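Participant: Would you mind keeping the following structure in view while I ask a few things?
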Amino acid sequence: MTPDRRLISIFRSSKKEEMYVYVDKKQGVGALPEALLQLFGKPQHVFDLLLTKDKPLARADAAEVMSAIDEKGFYLQMPSIQDDYMMDVVRAREQRPAVGRKDQDD
C-alpha cells in the first residue's frame, strides 16, 4: 500500500536534458538499475520534497510517482516530445548560417 506522504529526492540526468528520477530519500540512487544509470548518467541532486498524493507537480502526477516508487523503487520523468522537437529545431537553426547575412570580414 502506498503511503499518504513520502519524503523523496529528485535527481536530474547528466546525459539528457529534462530527464529526472524521483526516489525515496532514505533509499537514494544506490538501488537504481544499472541499465537506467547507463541511460541517465550520473544523477545530480536537485532537491528533496515531501510528496503527497494530491500535491501538484509540473509534469507528473503525484499519486503515479508515489506508486512507481513503491513498485519499482523510482519514477523516471522523461523529456516531453515537444521539448525534444523544439531543441532539435533550435540546434538546426544554430548550425545553419543566417540567409542574407554578410560576414564582418567582407
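Order determines the names: the first chain of the C-alpha cells is A, the second B, and so forth; residues in each chain are numbered 1 upward, and ligands are numbered 1 upward as they are shown.
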Can you tell me which residues surround A:Leu32 at a distance of at most 9 Å, considering only C-alpha atoms, apart from same-chain residues fewer than 6 positions away, and format the answer as a ChimeraX atom specification?

Facilitator: /A:23,73-74

Participant: Identify, on the basis of only C-alpha atoms, every residue whose closest approach to A:Gln44 does not exceed 9 Å; exclude the query and any residue fewer than 4 positions from it along the same chain; express the result as a PyMOL selection string.

Facilitator: chain A and resi 10-14

Participant: For those residues, write N, CA, C and O atoms to a file as an mmCIF file, in the first residue's frame.

Facilitator:
data_model
loop_
_atom_site.group_PDB
_atom_site.id
_atom_site.type_symbol
_atom_site.label_atom_id
_atom_site.label_comp_id
_atom_site.auth_asym_id
_atom_site.auth_seq_id
_atom_site.Cartn_x
_atom_site.Cartn_y
_atom_site.Cartn_z
ATOM 1 N N ILE A 10 14.865 14.240 -5.740
ATOM 2 C CA ILE A 10 14.758 14.355 -7.185
ATOM 3 C C ILE A 10 16.157 14.630 -7.739
ATOM 4 O O ILE A 10 16.879 15.492 -7.234
ATOM 5 N N PHE A 11 16.521 13.862 -8.763
ATOM 6 C CA PHE A 11 17.823 13.980 -9.405
ATOM 7 C C PHE A 11 17.634 14.233 -10.893
ATOM 8 O O PHE A 11 16.739 13.661 -11.508
ATOM 9 N N ARG A 12 18.496 15.064 -11.469
ATOM 10 C CA ARG A 12 18.447 15.304 -12.911
ATOM 11 C C ARG A 12 19.547 14.483 -13.571
ATOM 12 O O ARG A 12 20.567 14.168 -12.964
ATOM 13 N N SER A 13 19.314 14.185 -14.832
ATOM 14 C CA SER A 13 20.262 13.411 -15.622
ATOM 15 C C SER A 13 21.448 14.261 -16.046
ATOM 16 O O SER A 13 21.288 15.432 -16.393
ATOM 17 N N SER A 14 22.619 13.650 -16.052
ATOM 18 C CA SER A 14 23.802 14.338 -16.568
ATOM 19 C C SER A 14 23.942 14.127 -18.074
ATOM 20 O O SER A 14 24.778 14.752 -18.717
#

Participant: Grab the atom CA of A:Lys72 to atom CA of A:Leu51 distance for me, in Å with one decimal place.

Facilitator: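 These two atoms are separated by 16.9 Å.
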
Participant: Go through A:Ala31, A:Pro79, A:Ala58, A:Asp24 one by one, measure the shortest atom-to-atom distance of each to A:Arg5 using only C-alpha atoms, and give the residue with the smallest value.

Facilitator: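 Under the stated criterion, the closest residue is A:Asp24.
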
Participant: Go through A:Leu39, A:Asp54, A:His45, A:Met66 and flag the residue nearest A:Arg6, using only C-alpha atoms for the distances.

Facilitator: A:Met66

Participant: Just the residues within 8 Å of A:Ala60, please, counting only C-alpha atoms, with nothing from its chain fewer than 4 positions along; format it as a PyMOL selection string.

Facilitator: chain A and resi 64-65+77

Participant: Can you write just those residues out, N, CA, C and O atoms, as a PDB file, in the first residue's frame?

Facilitator:
ATOM      1  N   GLU A  64       0.897   8.860  -9.127  1.00  0.00           N
ATOM      2  CA  GLU A  64       1.627   7.962 -10.029  1.00  0.00           C
ATOM      3  C   GLU A  64       3.103   7.866  -9.629  1.00  0.00           C
ATOM      4  O   GLU A  64       3.693   6.785  -9.656  1.00  0.00           O
ATOM      5  N   VAL A  65       3.687   8.987  -9.240  1.00  0.00           N
ATOM      6  CA  VAL A  65       5.084   8.999  -8.784  1.00  0.00           C
ATOM      7  C   VAL A  65       5.228   8.116  -7.554  1.00  0.00           C
ATOM      8  O   VAL A  65       6.130   7.270  -7.490  1.00  0.00           O
ATOM      9  N   GLN A  77      11.046  10.570 -15.000  1.00  0.00           N
ATOM     10  CA  GLN A  77      10.346  11.603 -15.765  1.00  0.00           C
ATOM     11  C   GLN A  77      11.139  11.863 -17.036  1.00  0.00           C
ATOM     12  O   GLN A  77      12.278  12.342 -16.989  1.00  0.00           O
TER      13      GLN A  77
END
